[in-house]
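S.K.: The structure under discussion is supplied below as structure tokens; questions concerning it will follow.
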Amino acid sequence: MISKDIYQAAEWLNNDAIVALPTETVYGLAGNIYSEKAIRKIFEVKKRPHNNPLIVHVGSKEAVKEIASNVPNIAWQLMDKFWPGPLTLVLPKQSTIPDSITAGKNTVAVRMPNHPDILQLLAILPFPLAAPSANPFGSISPTSAKHVANYFDDKIPLILDGGNCKNGIESTIIGFENDQAVLYRLGAISIEHIEKEIGPINIKNFEENTPSAPGMMLSHYAPKTFSVIATDLSDAIAFYKPKKIGLLLFNTKINNKEVFHQEILSVKGNLTEAGANLYAALHRLDALDLDVIIAEKFPDNELGKAINDRLKRATVTKDFK
Ligand code: TXA
Ligand code: MG
């Protein structure tokens, strides 16, 4: 059931249930981090492998001390700059954090989200919230209450409607190895923005088979419709015609009768706006019963990097020559 009742959501969460909540990035499927029952349900409902750890959501920087220990100075610096906001930090965990949250790792991922509804909830609840994105494992992330309802309406008691997610792409994940910041997942805060704050950071190889963050797995964020990424759109369209084709484009519609539908992510050519519209556009394309979605490659800077990363995981790469 979609609802705007924050107190009802709190009541369910206080009673070991899981509810979907809005954040500034994507909707999360949330539960009390200390409730084994709630955490089990999160994994069940999402059909998420148990070796994939969850992000802990806190309502303040202070609350990090309950979750993590030996927090490096650069981590505090990043919190000061970017929290509340779409930055997740992987830190050494406190022994009180259940293994089910961290998949047995000695680190824990934590962030303070920037959405009034979840912040209000975190202020009234006596515990932090574990919340993976509210989609079945591997499929397109939800950026509206309706997206969540399409996935899970009959499986969870409440979906808190906080409108469309402002950032629309998951948080950036940073860990610390030998006191150096390491990027584990591209996300709503660009590498450029983080490096402006703390200097050059290491980028972990995203193509690894045993990634530090399973969100980095190659098939993820994927529509049900067969999807490809194309460096040359006309070659790709010529290859698939006369099939029913949908396009996912940055800023300009193309003039081609062979195409059934086109989604433009930012008419102004703004990459942040494009990121905010990415998943909603993919959801719309996926509902059109297309034979193929052809996505264009985005400029590879700022948010374009995160968009290309998600598109790469959502599609297969093909050479149309
Ligand atoms: O924006 C977001 O981060 C959203 C909203 C709901 O907060 N959440 C989200 O959660 O994207 P999820 O579960 O879909 O992705 C969490 C990622 C996974 O790739 C997971 O492997 C990684 O965080 N992660 C969690 N704990 C980790 C840890 N201790 N070390 C490395 N990666 C970790
Ligand atoms: Mg996810």
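Here's how to read the names in the structure tokens: chain A, B, ... by the order shown, residue numbers from 1 in each chain, ligand numbers from 1 in the order shown.
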With ligand 2 as the partner and 12 Å as the cut-off, tabulate the residues of chain A that qualify, each row holding the nearest pair of atoms and their distance in Å to one decimal, using only C-alpha atoms and all ligand atoms, sorted by chain and rising number, as JSON lines.
M.R.:
```
{"residue": "A:Thr25", "atom": "CA", "partner": "ligand 2", "partner_atom_place_in_ligand_line": "1 (Mg)", "distance": 10.7}
{"residue": "A:Val26", "atom": "CA", "partner": "ligand 2", "partner_atom_place_in_ligand_line": "1 (Mg)", "distance": 8.7}
{"residue": "A:Tyr27", "atom": "CA", "partner": "ligand 2", "partner_atom_place_in_ligand_line": "1 (Mg)", "distance": 9.6}
{"residue": "A:Gly28", "atom": "CA", "partner": "ligand 2", "partner_atom_place_in_ligand_line": "1 (Mg)", "distance": 8.6}
{"residue": "A:Leu29", "atom": "CA", "partner": "ligand 2", "partner_atom_place_in_ligand_line": "1 (Mg)", "distance": 10.0}
{"residue": "A:Phe43", "atom": "CA", "partner": "ligand 2", "partner_atom_place_in_ligand_line": "1 (Mg)", "distance": 11.9}
{"residue": "A:Lys46", "atom": "CA", "partner": "ligand 2", "partner_atom_place_in_ligand_line": "1 (Mg)", "distance": 9.6}
{"residue": "A:Lys47", "atom": "CA", "partner": "ligand 2", "partner_atom_place_in_ligand_line": "1 (Mg)", "distance": 11.7}
{"residue": "A:Arg48", "atom": "CA", "partner": "ligand 2", "partner_atom_place_in_ligand_line": "1 (Mg)", "distance": 9.5}
{"residue": "A:Pro49", "atom": "CA", "partner": "ligand 2", "partner_atom_place_in_ligand_line": "1 (Mg)", "distance": 11.9}
{"residue": "A:Asn52", "atom": "CA", "partner": "ligand 2", "partner_atom_place_in_ligand_line": "1 (Mg)", "distance": 10.0}
{"residue": "A:Pro53", "atom": "CA", "partner": "ligand 2", "partner_atom_place_in_ligand_line": "1 (Mg)", "distance": 10.7}
{"residue": "A:Leu54", "atom": "CA", "partner": "ligand 2", "partner_atom_place_in_ligand_line": "1 (Mg)", "distance": 9.4}
{"residue": "A:Ile55", "atom": "CA", "partner": "ligand 2", "partner_atom_place_in_ligand_line": "1 (Mg)", "distance": 10.1}
{"residue": "A:Ala131", "atom": "CA", "partner": "ligand 2", "partner_atom_place_in_ligand_line": "1 (Mg)", "distance": 9.4}
{"residue": "A:Pro132", "atom": "CA", "partner": "ligand 2", "partner_atom_place_in_ligand_line": "1 (Mg)", "distance": 5.8}
{"residue": "A:Ser133", "atom": "CA", "partner": "ligand 2", "partner_atom_place_in_ligand_line": "1 (Mg)", "distance": 4.4}
{"residue": "A:Ala134", "atom": "CA", "partner": "ligand 2", "partner_atom_place_in_ligand_line": "1 (Mg)", "distance": 7.3}
{"residue": "A:Asn135", "atom": "CA", "partner": "ligand 2", "partner_atom_place_in_ligand_line": "1 (Mg)", "distance": 7.0}
{"residue": "A:Pro136", "atom": "CA", "partner": "ligand 2", "partner_atom_place_in_ligand_line": "1 (Mg)", "distance": 8.5}
{"residue": "A:Phe137", "atom": "CA", "partner": "ligand 2", "partner_atom_place_in_ligand_line": "1 (Mg)", "distance": 7.0}
{"residue": "A:Gly138", "atom": "CA", "partner": "ligand 2", "partner_atom_place_in_ligand_line": "1 (Mg)", "distance": 7.3}
{"residue": "A:Ser139", "atom": "CA", "partner": "ligand 2", "partner_atom_place_in_ligand_line": "1 (Mg)", "distance": 8.2}
{"residue": "A:Ile140", "atom": "CA", "partner": "ligand 2", "partner_atom_place_in_ligand_line": "1 (Mg)", "distance": 8.3}
{"residue": "A:Ser141", "atom": "CA", "partner": "ligand 2", "partner_atom_place_in_ligand_line": "1 (Mg)", "distance": 6.3}
{"residue": "A:Pro142", "atom": "CA", "partner": "ligand 2", "partner_atom_place_in_ligand_line": "1 (Mg)", "distance": 9.3}
{"residue": "A:Thr143", "atom": "CA", "partner": "ligand 2", "partner_atom_place_in_ligand_line": "1 (Mg)", "distance": 11.6}
{"residue": "A:Ile169", "atom": "CA", "partner": "ligand 2", "partner_atom_place_in_ligand_line": "1 (Mg)", "distance": 9.9}
{"residue": "A:Glu170", "atom": "CA", "partner": "ligand 2", "partner_atom_place_in_ligand_line": "1 (Mg)", "distance": 7.6}
{"residue": "A:Ser171", "atom": "CA", "partner": "ligand 2", "partner_atom_place_in_ligand_line": "1 (Mg)", "distance": 9.9}
{"residue": "A:Thr172", "atom": "CA", "partner": "ligand 2", "partner_atom_place_in_ligand_line": "1 (Mg)", "distance": 12.0}
{"residue": "A:Arg185", "atom": "CA", "partner": "ligand 2", "partner_atom_place_in_ligand_line": "1 (Mg)", "distance": 11.0}
{"residue": "A:Gly187", "atom": "CA", "partner": "ligand 2", "partner_atom_place_in_ligand_line": "1 (Mg)", "distance": 11.5}
{"residue": "A:Ala213", "atom": "CA", "partner": "ligand 2", "partner_atom_place_in_ligand_line": "1 (Mg)", "distance": 10.2}
{"residue": "A:Pro214", "atom": "CA", "partner": "ligand 2", "partner_atom_place_in_ligand_line": "1 (Mg)", "distance": 8.8}
{"residue": "A:Gly215", "atom": "CA", "partner": "ligand 2", "partner_atom_place_in_ligand_line": "1 (Mg)", "distance": 6.1}
{"residue": "A:Met216", "atom": "CA", "partner": "ligand 2", "partner_atom_place_in_ligand_line": "1 (Mg)", "distance": 9.7}
{"residue": "A:Met217", "atom": "CA", "partner": "ligand 2", "partner_atom_place_in_ligand_line": "1 (Mg)", "distance": 10.6}
{"residue": "A:Ser219", "atom": "CA", "partner": "ligand 2", "partner_atom_place_in_ligand_line": "1 (Mg)", "distance": 11.6}
{"residue": "A:His220", "atom": "CA", "partner": "ligand 2", "partner_atom_place_in_ligand_line": "1 (Mg)", "distance": 8.1}
{"residue": "A:Tyr221", "atom": "CA", "partner": "ligand 2", "partner_atom_place_in_ligand_line": "1 (Mg)", "distance": 7.4}
{"residue": "A:Ala222", "atom": "CA", "partner": "ligand 2", "partner_atom_place_in_ligand_line": "1 (Mg)", "distance": 10.8}
{"residue": "A:Tyr279", "atom": "CA", "partner": "ligand 2", "partner_atom_place_in_ligand_line": "1 (Mg)", "distance": 11.9}
{"residue": "A:Arg310", "atom": "CA", "partner": "ligand 2", "partner_atom_place_in_ligand_line": "1 (Mg)", "distance": 10.8}
{"residue": "A:Arg313", "atom": "CA", "partner": "ligand 2", "partner_atom_place_in_ligand_line": "1 (Mg)", "distance": 11.9}
```
S.K.: Please dump the current selection as a PDB file, in the first residue's frame; keep C-alpha atoms.
M.R.:
```
ATOM      1  CA  THR A  25      18.962   8.478  -4.542  1.00  0.00           C
ATOM      2  CA  VAL A  26      16.530   5.570  -4.981  1.00  0.00           C
ATOM      3  CA  TYR A  27      13.793   4.013  -2.820  1.00  0.00           C
ATOM      4  CA  GLY A  28      15.114   1.645  -0.168  1.00  0.00           C
ATOM      5  CA  LEU A  29      13.625  -1.508   1.361  1.00  0.00           C
ATOM      6  CA  PHE A  43      16.946 -10.651   1.636  1.00  0.00           C
ATOM      7  CA  LYS A  46      14.651  -8.884  -2.841  1.00  0.00           C
ATOM      8  CA  LYS A  47      15.884 -12.434  -3.599  1.00  0.00           C
ATOM      9  CA  ARG A  48      19.290 -11.005  -2.765  1.00  0.00           C
ATOM     10  CA  PRO A  49      22.286 -13.306  -2.247  1.00  0.00           C
ATOM     11  CA  ASN A  52      25.858  -9.045  -0.566  1.00  0.00           C
ATOM     12  CA  PRO A  53      26.037  -6.711   2.466  1.00  0.00           C
ATOM     13  CA  LEU A  54      23.527  -3.923   3.240  1.00  0.00           C
ATOM     14  CA  ILE A  55      24.014  -0.188   3.777  1.00  0.00           C
ATOM     15  CA  ALA A 131      18.091  -0.398   3.289  1.00  0.00           C
ATOM     16  CA  PRO A 132      19.114  -1.852  -0.043  1.00  0.00           C
ATOM     17  CA  SER A 133      17.454  -0.430  -3.146  1.00  0.00           C
ATOM     18  CA  ALA A 134      13.795  -1.550  -3.281  1.00  0.00           C
ATOM     19  CA  ASN A 135      14.015  -3.690  -6.422  1.00  0.00           C
ATOM     20  CA  PRO A 136      14.377  -7.411  -7.007  1.00  0.00           C
ATOM     21  CA  PHE A 137      18.077  -8.266  -7.132  1.00  0.00           C
ATOM     22  CA  GLY A 138      19.565  -7.303 -10.503  1.00  0.00           C
ATOM     23  CA  SER A 139      16.629  -5.290 -11.856  1.00  0.00           C
ATOM     24  CA  ILE A 140      16.114  -1.536 -12.426  1.00  0.00           C
ATOM     25  CA  SER A 141      16.246   0.530  -9.225  1.00  0.00           C
ATOM     26  CA  PRO A 142      13.044   2.379  -8.200  1.00  0.00           C
ATOM     27  CA  THR A 143      12.908   6.180  -8.107  1.00  0.00           C
ATOM     28  CA  ILE A 169      21.075   7.236  -9.014  1.00  0.00           C
ATOM     29  CA  GLU A 170      22.576   5.290  -6.091  1.00  0.00           C
ATOM     30  CA  SER A 171      25.051   6.721  -3.615  1.00  0.00           C
ATOM     31  CA  THR A 172      28.760   6.787  -4.372  1.00  0.00           C
ATOM     32  CA  ARG A 185      30.857   2.275  -6.694  1.00  0.00           C
ATOM     33  CA  GLY A 187      27.224   7.150  -7.884  1.00  0.00           C
ATOM     34  CA  ALA A 213      30.544  -4.277  -3.828  1.00  0.00           C
ATOM     35  CA  PRO A 214      28.215  -6.693  -5.630  1.00  0.00           C
ATOM     36  CA  GLY A 215      26.413  -3.652  -7.102  1.00  0.00           C
ATOM     37  CA  MET A 216      29.508  -3.693  -9.292  1.00  0.00           C
ATOM     38  CA  MET A 217      28.539  -7.032 -10.830  1.00  0.00           C
ATOM     39  CA  SER A 219      24.584  -7.778 -14.911  1.00  0.00           C
ATOM     40  CA  HIS A 220      22.677  -5.394 -12.675  1.00  0.00           C
ATOM     41  CA  TYR A 221      20.205  -2.514 -12.896  1.00  0.00           C
ATOM     42  CA  ALA A 222      18.795  -4.341 -15.921  1.00  0.00           C
ATOM     43  CA  TYR A 279      15.865   4.807 -14.043  1.00  0.00           C
ATOM     44  CA  ARG A 310      24.840   1.611 -14.893  1.00  0.00           C
ATOM     45  CA  ARG A 313      25.584  -3.314 -16.424  1.00  0.00           C
TER      46      ARG A 313
END
```
S.K.: Run DSSP on the backbone and give me the residues of region 237-295 of chain A it puts in alpha helix (DSSP H), as a list of chain:residue names.
M.R.: A:Ile237, A:Ala238, A:Phe239, A:Tyr240, A:Leu271, A:Thr272, A:Glu273, A:Ala274, A:Gly275, A:Ala276, A:Asn277, A:Leu278, A:Tyr279, A:Ala280, A:Ala281, A:Leu282, A:His283, A:Arg284, A:Leu285, A:Asp286
S.K.: Here is a test: counting only C-alpha atoms, which residue of A:Asp286, A:Asp161, A:Glu36, A:Glu192 is nearest to His115 (chain A)?
M.R.: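 Of the candidates, the smallest distance to His115 (chain A) is held by A:Asp161.
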S.K.: Name the residues of region 48-79 of chain A that fall into strand (DSSP E or B) according to DSSP on the backbone, using the chain letters and numbers of this document, as a list in words.
M.R.: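 Reading the DSSP output for region 48-79 of chain A, strand (DSSP E or B) covers Ile55, Val56, His57 and Ala68 of chain A.
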S.K.: Store the residues picked out above in a file with N, CA, C and O atoms, as an mmCIF file, in the first residue's frame.
M.R.:
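Output file selection-v7.cif is given in full below:
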```cif
data_model
loop_
_atom_site.group_PDB
_atom_site.id
_atom_site.type_symbol
_atom_site.label_atom_id
_atom_site.label_comp_id
_atom_site.auth_asym_id
_atom_site.auth_seq_id
_atom_site.Cartn_x
_atom_site.Cartn_y
_atom_site.Cartn_z
ATOM 1 N N ILE A 55 23.579 -1.501 3.279
ATOM 2 C CA ILE A 55 24.014 -0.188 3.777
ATOM 3 C C ILE A 55 23.182 0.173 5.010
ATOM 4 O O ILE A 55 21.954 0.028 5.011
ATOM 5 N N VAL A 56 23.859 0.641 6.060
ATOM 6 C CA VAL A 56 23.173 1.122 7.261
ATOM 7 C C VAL A 56 22.921 2.623 7.103
ATOM 8 O O VAL A 56 23.833 3.379 6.772
ATOM 9 N N HIS A 57 21.668 3.038 7.314
ATOM 10 C CA HIS A 57 21.293 4.446 7.195
ATOM 11 C C HIS A 57 21.144 5.053 8.577
ATOM 12 O O HIS A 57 20.398 4.528 9.410
ATOM 13 N N ALA A 68 30.409 2.166 13.603
ATOM 14 C CA ALA A 68 31.775 1.944 13.115
ATOM 15 C C ALA A 68 32.795 2.301 14.185
ATOM 16 O O ALA A 68 32.503 3.059 15.113
#
```
S.K.: I'd like the neighbourhood of region 2-19 of chain A as a ChimeraX atom specification, where a residue qualifies if any of its atoms comes within 10 Å (using only C-alpha atoms), though same-chain residues fewer than 2 positions away should be ignored.
M.R.: /A:21,28-42,45,117-118,120-122,124-127,129-131,134,145-146,148-149,153,155-163
S.K.: Just checking: using only C-alpha atoms and all ligand atoms, which residue out of A:Arg284, A:Lys318, A:Lys166, A:Lys196 ends up closest to ligand 1?
M.R.: A:Lys166
S.K.: By how many Å are atom 20 (C, counted along the ligand's line) of ligand 1 and CA of Thr88 (chain A) apart?
M.R.: 10.1 Å
S.K.: Given only C-alpha atoms as the basis, pick out the residue of A:Leu285, A:Ile198, A:Ile237, A:Val182 nearest to Thr225 (chain A).
M.R.: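 Nearest candidate to Thr225 (chain A) out of A:Leu285, A:Ile198, A:Ile237, A:Val182: A:Leu285.
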S.K.: Looking at A:Phe250, A:Phe320, A:Phe152, A:Phe260, which one is nearest to Asp235 (chain A), with distances taken over only C-alpha atoms?
M.R.: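 Ranked by minimum distance to Asp235 (chain A), first place goes to A:Phe320.
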S.K.: Rounded to one decimal place, report the CA of Asn167 (chain A)-CA of Thr102 (chain A) distance in Å.
M.R.: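 Between these atoms lies a distance of 25.4 Å.
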S.K.: Which residue is closest to Glu24 (chain A)? Choose from A:Gly59, A:Gly168, A:Pro98, A:Pro128 and count only C-alpha atoms.
M.R.: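 Among the listed residues, the smallest separation from Glu24 (chain A) belongs to A:Gly168.
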S.K.: For CA of Thr96 (chain A) and CA of Ala188 (chain A), quote the distance in Å rounded to one decimal.
M.R.: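 Taking CA of Thr96 (chain A) and CA of Ala188 (chain A), their separation equals 29.6 Å.
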S.K.: Set the distance at 10 Å and use only C-alpha atoms: which residues neighbour His193 (chain A) once local chain neighbours fewer than 4 positions away are removed? I'd like the list as an MDAnalysis selection string.
M.R.: chainID A and resid 82 189 197:199 302
